Amino acid sequence: MQRQFFDPHFYRIILFDQRGCGGSVPHAALESNTTWHLVDDIERLREYLGINTWMLFGGSWGSALALAYAQTHSQRVASIILRGVFTLRRSELDWFYHSGASHVFPDEWAEFLEPIPEGERCDLVEAYRRRLTHPDAEVRLSAAKAWSVWEARAIHLDPRAADTASFENEDFALAFARIENHYFSHGGFFDPEQLVDRAETLNGIPGIIVQGRYDMVTPVRTAWELSQRWEDSVLQIVEAAGHAADEPAIASALVEATDSFRVLVENRGIDDPRSL
């Protein structure tokens, strides 16, 4: 699915599963799993594949990881496309796990709260962390499904039952919930405002930010603030869209973004988009 945003006749498309996810082993592991481990993994992958500079493409948590990598290895980044920008700021986490999205989805929120006793609901990320790292496998799985389904029900402007079902898959839910919660519990392993405050380090790197106007997971404010600090970025707010990459309007905007960089490179006969 991720390859479909790129013209395969032009792009060399490289996909990887970060630590603990997808085909990576050990599955859903949290040890030695931080943003900076992942940044190092990406850089080692670039070196192994013999790539001088490359485009970064990431959405949601992938946007945070792309920003962390680009701010660390800016000379290796030719261009960046982000979707549903998320930087793990306290305000962003509070929106989705305290008071914000809960006002839009009160029925779904009630189900998310159900596994947590009232006395622990002041910090839901921490309450879920205790269950997602519990020694009892059934406790871990139950919490993982509840955590994953809450997000699944909020990512689309028009929620679809099939997507919720896929988020309940045991292997997916365990990796998704445990690793996401692990990163949230530690603030992404970086300073709270770091990815936005240091956006000036991206100047000189062309970027396109695709953001759904009605994104209930990562509201548009962060994308807008990032675009104000990153002078070489263009923010495209997609009006009839939420958070998910597979929403028609979001998918179309992402394809247009990758095509725009392809056309610029082809028309100018250059190998490095940074010289555009």
# chains A, B, ... in the order shown; residues from 1 in each chain; ligands from 1

$ residues_around --residues "range 240-255 of chain A" --least-positions-apart "6" --cutoff "10 Å" --atoms "only C-alpha atoms" --output "number ranges by chain"
A: 1-2, 4-7, 57-60, 81-85, 152, 154-159, 208-220

$ select_by_dssp --residues "range 23-269 of chain A" --states "strand (DSSP E or B)" --output "list in words"
Trp54, Met55, Leu56, Phe57, Gly58, Gly59, Ser60, Val77, Ala78, Ser79, Ile80, Ile81, Leu82, Arg83, Gly84, Val85, Gly207, Ile208, Ile209, Val210, Gln211, Gly212, Ser233, Val234, Leu235, Gln236, Ile237 and Val238 of chain A

$ atom_distance --atom1 "CA of Arg76 in chain A" --atom2 "CA of Asn52 in chain A"
6.4 Å

$ closest_atom_pairs --of "range 79-148 of chain A" --to "range 168-186 of chain A" --cutoff "7 Å" --atoms "only C-alpha atoms" --output "Markdown table"
| residue | atom | partner | partner_atom | distance |
| --- | --- | --- | --- | --- |
| A:Leu88 | CA | A:Phe184 | CA | 6.9 |
| A:Val125 | CA | A:Ser185 | CA | 6.5 |
| A:Glu126 | CA | A:Ser185 | CA | 6.7 |
| A:Arg129 | CA | A:Asn181 | CA | 6.3 |
| A:Leu132 | CA | A:Arg178 | CA | 5.8 |
| A:Leu141 | CA | A:Leu174 | CA | 6.3 |
| A:Ala144 | CA | A:Ala177 | CA | 5.1 |
| A:Lys145 | CA | A:Glu168 | CA | 5.3 |
| A:Trp147 | CA | A:Ala177 | CA | 6.0 |
| A:Ser148 | CA | A:Ala173 | CA | 5.9 |

$ write_last_selection --atoms "all heavy atoms" --output "PDB file, in the first residue's frame"
ATOM      1  N   LEU A  88       4.604  14.645  19.186  1.00  0.00           N
ATOM      2  CA  LEU A  88       4.581  14.151  20.566  1.00  0.00           C
ATOM      3  C   LEU A  88       4.646  15.258  21.613  1.00  0.00           C
ATOM      4  O   LEU A  88       5.067  15.029  22.748  1.00  0.00           O
ATOM      5  CB  LEU A  88       5.698  13.128  20.819  1.00  0.00           C
ATOM      6  CG  LEU A  88       5.429  11.717  20.299  1.00  0.00           C
ATOM      7  CD1 LEU A  88       5.681  11.660  18.790  1.00  0.00           C
ATOM      8  CD2 LEU A  88       6.310  10.688  20.991  1.00  0.00           C
ATOM      9  N   VAL A 125      -2.316   7.348  29.471  1.00  0.00           N
ATOM     10  CA  VAL A 125      -1.126   6.782  28.840  1.00  0.00           C
ATOM     11  C   VAL A 125      -0.381   5.907  29.837  1.00  0.00           C
ATOM     12  O   VAL A 125       0.027   4.780  29.526  1.00  0.00           O
ATOM     13  CB  VAL A 125      -0.212   7.894  28.285  1.00  0.00           C
ATOM     14  CG1 VAL A 125       1.122   7.318  27.799  1.00  0.00           C
ATOM     15  CG2 VAL A 125      -0.906   8.632  27.140  1.00  0.00           C
ATOM     16  N   GLU A 126      -0.239   6.383  31.063  1.00  0.00           N
ATOM     17  CA  GLU A 126       0.443   5.605  32.098  1.00  0.00           C
ATOM     18  C   GLU A 126      -0.389   4.388  32.518  1.00  0.00           C
ATOM     19  O   GLU A 126       0.159   3.297  32.727  1.00  0.00           O
ATOM     20  CB  GLU A 126       0.725   6.489  33.316  1.00  0.00           C
ATOM     21  CG  GLU A 126       1.297   5.765  34.522  1.00  0.00           C
ATOM     22  CD  GLU A 126       2.602   5.033  34.255  1.00  0.00           C
ATOM     23  OE1 GLU A 126       3.309   5.379  33.280  1.00  0.00           O
ATOM     24  OE2 GLU A 126       2.920   4.100  35.020  1.00  0.00           O
ATOM     25  N   ARG A 129       0.036   1.909  29.954  1.00  0.00           N
ATOM     26  CA  ARG A 129       1.409   1.378  29.960  1.00  0.00           C
ATOM     27  C   ARG A 129       1.526   0.222  30.935  1.00  0.00           C
ATOM     28  O   ARG A 129       2.156  -0.807  30.628  1.00  0.00           O
ATOM     29  CB  ARG A 129       2.406   2.483  30.329  1.00  0.00           C
ATOM     30  CG  ARG A 129       3.875   2.040  30.229  1.00  0.00           C
ATOM     31  CD  ARG A 129       4.800   2.977  30.969  1.00  0.00           C
ATOM     32  NE  ARG A 129       4.570   2.940  32.416  1.00  0.00           N
ATOM     33  CZ  ARG A 129       5.006   1.971  33.212  1.00  0.00           C
ATOM     34  NH1 ARG A 129       5.692   0.928  32.735  1.00  0.00           N
ATOM     35  NH2 ARG A 129       4.734   2.017  34.511  1.00  0.00           N
ATOM     36  N   LEU A 132      -0.112  -2.757  29.269  1.00  0.00           N
ATOM     37  CA  LEU A 132       0.576  -3.211  28.053  1.00  0.00           C
ATOM     38  C   LEU A 132       1.919  -3.866  28.358  1.00  0.00           C
ATOM     39  O   LEU A 132       2.488  -4.561  27.509  1.00  0.00           O
ATOM     40  CB  LEU A 132       0.769  -2.037  27.091  1.00  0.00           C
ATOM     41  CG  LEU A 132      -0.521  -1.509  26.451  1.00  0.00           C
ATOM     42  CD1 LEU A 132      -0.265  -0.156  25.787  1.00  0.00           C
ATOM     43  CD2 LEU A 132      -1.067  -2.511  25.433  1.00  0.00           C
ATOM     44  N   LEU A 141      -2.919  -8.217  25.894  1.00  0.00           N
ATOM     45  CA  LEU A 141      -3.690  -8.261  24.651  1.00  0.00           C
ATOM     46  C   LEU A 141      -4.985  -7.461  24.764  1.00  0.00           C
ATOM     47  O   LEU A 141      -5.348  -6.725  23.835  1.00  0.00           O
ATOM     48  CB  LEU A 141      -3.997  -9.706  24.279  1.00  0.00           C
ATOM     49  CG  LEU A 141      -4.792  -9.903  22.982  1.00  0.00           C
ATOM     50  CD1 LEU A 141      -4.039  -9.281  21.806  1.00  0.00           C
ATOM     51  CD2 LEU A 141      -5.052 -11.383  22.740  1.00  0.00           C
ATOM     52  N   ALA A 144      -4.105  -3.869  24.551  1.00  0.00           N
ATOM     53  CA  ALA A 144      -3.630  -3.537  23.207  1.00  0.00           C
ATOM     54  C   ALA A 144      -4.787  -3.344  22.236  1.00  0.00           C
ATOM     55  O   ALA A 144      -4.791  -2.416  21.422  1.00  0.00           O
ATOM     56  CB  ALA A 144      -2.687  -4.628  22.700  1.00  0.00           C
ATOM     57  N   LYS A 145      -5.789  -4.194  22.329  1.00  0.00           N
ATOM     58  CA  LYS A 145      -6.935  -4.071  21.426  1.00  0.00           C
ATOM     59  C   LYS A 145      -7.720  -2.792  21.724  1.00  0.00           C
ATOM     60  O   LYS A 145      -8.132  -2.079  20.795  1.00  0.00           O
ATOM     61  CB  LYS A 145      -7.832  -5.295  21.558  1.00  0.00           C
ATOM     62  CG  LYS A 145      -7.251  -6.547  20.914  1.00  0.00           C
ATOM     63  CD  LYS A 145      -8.240  -7.707  20.969  1.00  0.00           C
ATOM     64  CE  LYS A 145      -7.709  -8.930  20.250  1.00  0.00           C
ATOM     65  NZ  LYS A 145      -8.680 -10.054  20.275  1.00  0.00           N
ATOM     66  N   TRP A 147      -6.630   0.003  23.087  1.00  0.00           N
ATOM     67  CA  TRP A 147      -5.800   1.143  22.665  1.00  0.00           C
ATOM     68  C   TRP A 147      -5.852   1.315  21.151  1.00  0.00           C
ATOM     69  O   TRP A 147      -6.041   2.426  20.643  1.00  0.00           O
ATOM     70  CB  TRP A 147      -4.363   0.917  23.136  1.00  0.00           C
ATOM     71  CG  TRP A 147      -3.389   1.971  22.738  1.00  0.00           C
ATOM     72  CD1 TRP A 147      -2.776   2.119  21.516  1.00  0.00           C
ATOM     73  CD2 TRP A 147      -2.883   3.044  23.552  1.00  0.00           C
ATOM     74  NE1 TRP A 147      -1.936   3.199  21.520  1.00  0.00           N
ATOM     75  CE2 TRP A 147      -1.980   3.788  22.751  1.00  0.00           C
ATOM     76  CE3 TRP A 147      -3.104   3.422  24.877  1.00  0.00           C
ATOM     77  CZ2 TRP A 147      -1.292   4.890  23.251  1.00  0.00           C
ATOM     78  CZ3 TRP A 147      -2.427   4.537  25.366  1.00  0.00           C
ATOM     79  CH2 TRP A 147      -1.528   5.255  24.557  1.00  0.00           C
ATOM     80  N   SER A 148      -5.691   0.220  20.419  1.00  0.00           N
ATOM     81  CA  SER A 148      -5.637   0.274  18.966  1.00  0.00           C
ATOM     82  C   SER A 148      -6.977   0.652  18.357  1.00  0.00           C
ATOM     83  O   SER A 148      -7.042   1.451  17.413  1.00  0.00           O
ATOM     84  CB  SER A 148      -5.177  -1.083  18.414  1.00  0.00           C
ATOM     85  OG  SER A 148      -3.895  -1.419  18.886  1.00  0.00           O
TER      86      SER A 148
END

$ atom_distance --atom1 "CA of Arg221 in chain A" --atom2 "CA of Val104 in chain A"
17.0 Å

$ closest_residue --among "A:Ser166, A:Ser102, A:Thr34, A:Thr222" --to "Phe86 in chain A" --atoms "only C-alpha atoms"
A:Thr222

$ residues_around --residues "range 187-194 of chain A" --least-positions-apart "4" --cutoff "12 Å" --atoms "only C-alpha atoms" --output "PyMOL selection string"
chain A and resi 32-39+61-62+64-65+67-68+71-72+86-94+125-126+179-183+198-201+222+225-226

$ select_by_dssp --residues "range 115-273 of chain A" --states "helix (DSSP H, G or I)" --output "MDAnalysis selection string"
chainID A and resid 118:120 124:132 137:152 161:167 170:185 187:189 194:197 199:202 220:229 248:268 273

$ residues_around --residues "range 111-114 of chain A" --least-positions-apart "2" --cutoff "10 Å" --atoms "only C-alpha atoms" --output "PyMOL selection string"
chain A and resi 97+102+106-109+116-118+120-121+124+128+143+145-151

$ closest_residue --among "A:Thr53, A:Arg12, A:Leu202, A:Gln18" --to "Ala70 in chain A" --atoms "only C-alpha atoms"
A:Leu202

$ atom_distance --atom1 "CA of Ser142 in chain A" --atom2 "CA of Pro115 in chain A"
8.4 Å

$ residues_around --residues "Met55 in chain A" --least-positions-apart "2" --cutoff "7 Å" --atoms "only C-alpha atoms" --output "mmCIF file with N, CA, C and O atoms, in the first residue's frame"
data_model
loop_
_atom_site.group_PDB
_atom_site.id
_atom_site.type_symbol
_atom_site.label_atom_id
_atom_site.label_comp_id
_atom_site.auth_asym_id
_atom_site.auth_seq_id
_atom_site.Cartn_x
_atom_site.Cartn_y
_atom_site.Cartn_z
ATOM 1 N N PHE A 57 9.544 10.136 3.591
ATOM 2 C CA PHE A 57 8.101 10.134 3.407
ATOM 3 C C PHE A 57 7.500 9.471 4.640
ATOM 4 O O PHE A 57 7.772 8.294 4.909
ATOM 5 N N VAL A 77 19.338 14.423 3.331
ATOM 6 C CA VAL A 77 17.916 14.504 2.986
ATOM 7 C C VAL A 77 17.730 15.414 1.781
ATOM 8 O O VAL A 77 18.074 16.603 1.827
ATOM 9 N N ALA A 78 17.179 14.869 0.710
ATOM 10 C CA ALA A 78 16.956 15.646 -0.509
ATOM 11 C C ALA A 78 15.626 16.387 -0.463
ATOM 12 O O ALA A 78 15.512 17.518 -0.942
ATOM 13 N N SER A 79 14.611 15.763 0.114
ATOM 14 C CA SER A 79 13.289 16.368 0.199
ATOM 15 C C SER A 79 12.476 15.563 1.206
ATOM 16 O O SER A 79 12.860 14.446 1.582
ATOM 17 N N ILE A 80 11.353 16.140 1.631
ATOM 18 C CA ILE A 80 10.529 15.498 2.651
ATOM 19 C C ILE A 80 9.051 15.680 2.304
ATOM 20 O O ILE A 80 8.630 16.772 1.920
#

$ decode --residues "range 130-150 of chain A" --atoms "N, CA, C and O atoms" --output "PDB file, in the first residue's frame"
ATOM      1  N   ARG A 130       0.941   0.377  32.113  1.00  0.00           N
ATOM      2  CA  ARG A 130       1.010  -0.694  33.110  1.00  0.00           C
ATOM      3  C   ARG A 130       0.382  -1.984  32.598  1.00  0.00           C
ATOM      4  O   ARG A 130       0.872  -3.082  32.891  1.00  0.00           O
ATOM      5  N   ARG A 131      -0.661  -1.866  31.835  1.00  0.00           N
ATOM      6  CA  ARG A 131      -1.332  -3.062  31.320  1.00  0.00           C
ATOM      7  C   ARG A 131      -0.635  -3.619  30.083  1.00  0.00           C
ATOM      8  O   ARG A 131      -0.588  -4.834  29.891  1.00  0.00           O
ATOM      9  N   LEU A 132      -0.112  -2.757  29.269  1.00  0.00           N
ATOM     10  CA  LEU A 132       0.576  -3.211  28.053  1.00  0.00           C
ATOM     11  C   LEU A 132       1.919  -3.866  28.358  1.00  0.00           C
ATOM     12  O   LEU A 132       2.488  -4.561  27.509  1.00  0.00           O
ATOM     13  N   THR A 133       2.446  -3.637  29.554  1.00  0.00           N
ATOM     14  CA  THR A 133       3.705  -4.275  29.971  1.00  0.00           C
ATOM     15  C   THR A 133       3.457  -5.287  31.096  1.00  0.00           C
ATOM     16  O   THR A 133       4.396  -5.724  31.762  1.00  0.00           O
ATOM     17  N   HIS A 134       2.211  -5.645  31.306  1.00  0.00           N
ATOM     18  CA  HIS A 134       1.835  -6.571  32.386  1.00  0.00           C
ATOM     19  C   HIS A 134       2.385  -7.975  32.098  1.00  0.00           C
ATOM     20  O   HIS A 134       2.460  -8.392  30.934  1.00  0.00           O
ATOM     21  N   PRO A 135       2.762  -8.734  33.118  1.00  0.00           N
ATOM     22  CA  PRO A 135       3.275 -10.086  32.888  1.00  0.00           C
ATOM     23  C   PRO A 135       2.246 -11.057  32.324  1.00  0.00           C
ATOM     24  O   PRO A 135       2.612 -12.055  31.693  1.00  0.00           O
ATOM     25  N   ASP A 136       0.964 -10.778  32.520  1.00  0.00           N
ATOM     26  CA  ASP A 136      -0.102 -11.647  32.020  1.00  0.00           C
ATOM     27  C   ASP A 136      -0.402 -11.304  30.554  1.00  0.00           C
ATOM     28  O   ASP A 136      -0.799 -10.184  30.229  1.00  0.00           O
ATOM     29  N   ALA A 137      -0.230 -12.268  29.668  1.00  0.00           N
ATOM     30  CA  ALA A 137      -0.417 -12.035  28.230  1.00  0.00           C
ATOM     31  C   ALA A 137      -1.836 -11.596  27.893  1.00  0.00           C
ATOM     32  O   ALA A 137      -2.046 -10.783  26.987  1.00  0.00           O
ATOM     33  N   GLU A 138      -2.827 -12.119  28.613  1.00  0.00           N
ATOM     34  CA  GLU A 138      -4.210 -11.748  28.341  1.00  0.00           C
ATOM     35  C   GLU A 138      -4.477 -10.289  28.700  1.00  0.00           C
ATOM     36  O   GLU A 138      -5.218  -9.589  28.008  1.00  0.00           O
ATOM     37  N   VAL A 139      -3.868  -9.830  29.775  1.00  0.00           N
ATOM     38  CA  VAL A 139      -4.005  -8.422  30.163  1.00  0.00           C
ATOM     39  C   VAL A 139      -3.383  -7.536  29.091  1.00  0.00           C
ATOM     40  O   VAL A 139      -3.959  -6.513  28.686  1.00  0.00           O
ATOM     41  N   ARG A 140      -2.202  -7.923  28.621  1.00  0.00           N
ATOM     42  CA  ARG A 140      -1.528  -7.143  27.573  1.00  0.00           C
ATOM     43  C   ARG A 140      -2.380  -7.077  26.310  1.00  0.00           C
ATOM     44  O   ARG A 140      -2.555  -6.007  25.715  1.00  0.00           O
ATOM     45  N   LEU A 141      -2.919  -8.217  25.894  1.00  0.00           N
ATOM     46  CA  LEU A 141      -3.690  -8.261  24.651  1.00  0.00           C
ATOM     47  C   LEU A 141      -4.985  -7.461  24.764  1.00  0.00           C
ATOM     48  O   LEU A 141      -5.348  -6.725  23.835  1.00  0.00           O
ATOM     49  N   SER A 142      -5.677  -7.577  25.870  1.00  0.00           N
ATOM     50  CA  SER A 142      -6.918  -6.831  26.053  1.00  0.00           C
ATOM     51  C   SER A 142      -6.670  -5.330  25.990  1.00  0.00           C
ATOM     52  O   SER A 142      -7.411  -4.582  25.331  1.00  0.00           O
ATOM     53  N   ALA A 143      -5.617  -4.873  26.647  1.00  0.00           N
ATOM     54  CA  ALA A 143      -5.282  -3.447  26.624  1.00  0.00           C
ATOM     55  C   ALA A 143      -4.859  -3.011  25.229  1.00  0.00           C
ATOM     56  O   ALA A 143      -5.212  -1.915  24.765  1.00  0.00           O
ATOM     57  N   ALA A 144      -4.105  -3.869  24.551  1.00  0.00           N
ATOM     58  CA  ALA A 144      -3.630  -3.537  23.207  1.00  0.00           C
ATOM     59  C   ALA A 144      -4.787  -3.344  22.236  1.00  0.00           C
ATOM     60  O   ALA A 144      -4.791  -2.416  21.422  1.00  0.00           O
ATOM     61  N   LYS A 145      -5.789  -4.194  22.329  1.00  0.00           N
ATOM     62  CA  LYS A 145      -6.935  -4.071  21.426  1.00  0.00           C
ATOM     63  C   LYS A 145      -7.720  -2.792  21.724  1.00  0.00           C
ATOM     64  O   LYS A 145      -8.132  -2.079  20.795  1.00  0.00           O
ATOM     65  N   ALA A 146      -7.925  -2.498  22.995  1.00  0.00           N
ATOM     66  CA  ALA A 146      -8.670  -1.288  23.350  1.00  0.00           C
ATOM     67  C   ALA A 146      -7.934  -0.036  22.887  1.00  0.00           C
ATOM     68  O   ALA A 146      -8.544   0.901  22.348  1.00  0.00           O
ATOM     69  N   TRP A 147      -6.630   0.003  23.087  1.00  0.00           N
ATOM     70  CA  TRP A 147      -5.800   1.143  22.665  1.00  0.00           C
ATOM     71  C   TRP A 147      -5.852   1.315  21.151  1.00  0.00           C
ATOM     72  O   TRP A 147      -6.041   2.426  20.643  1.00  0.00           O
ATOM     73  N   SER A 148      -5.691   0.220  20.419  1.00  0.00           N
ATOM     74  CA  SER A 148      -5.637   0.274  18.966  1.00  0.00           C
ATOM     75  C   SER A 148      -6.977   0.652  18.357  1.00  0.00           C
ATOM     76  O   SER A 148      -7.042   1.451  17.413  1.00  0.00           O
ATOM     77  N   VAL A 149      -8.062   0.087  18.893  1.00  0.00           N
ATOM     78  CA  VAL A 149      -9.387   0.360  18.337  1.00  0.00           C
ATOM     79  C   VAL A 149      -9.780   1.820  18.548  1.00  0.00           C
ATOM     80  O   VAL A 149     -10.423   2.427  17.680  1.00  0.00           O
ATOM     81  N   TRP A 150      -9.405   2.408  19.677  1.00  0.00           N
ATOM     82  CA  TRP A 150      -9.701   3.834  19.901  1.00  0.00           C
ATOM     83  C   TRP A 150      -9.115   4.675  18.774  1.00  0.00           C
ATOM     84  O   TRP A 150      -9.792   5.555  18.220  1.00  0.00           O
TER      85      TRP A 150
END
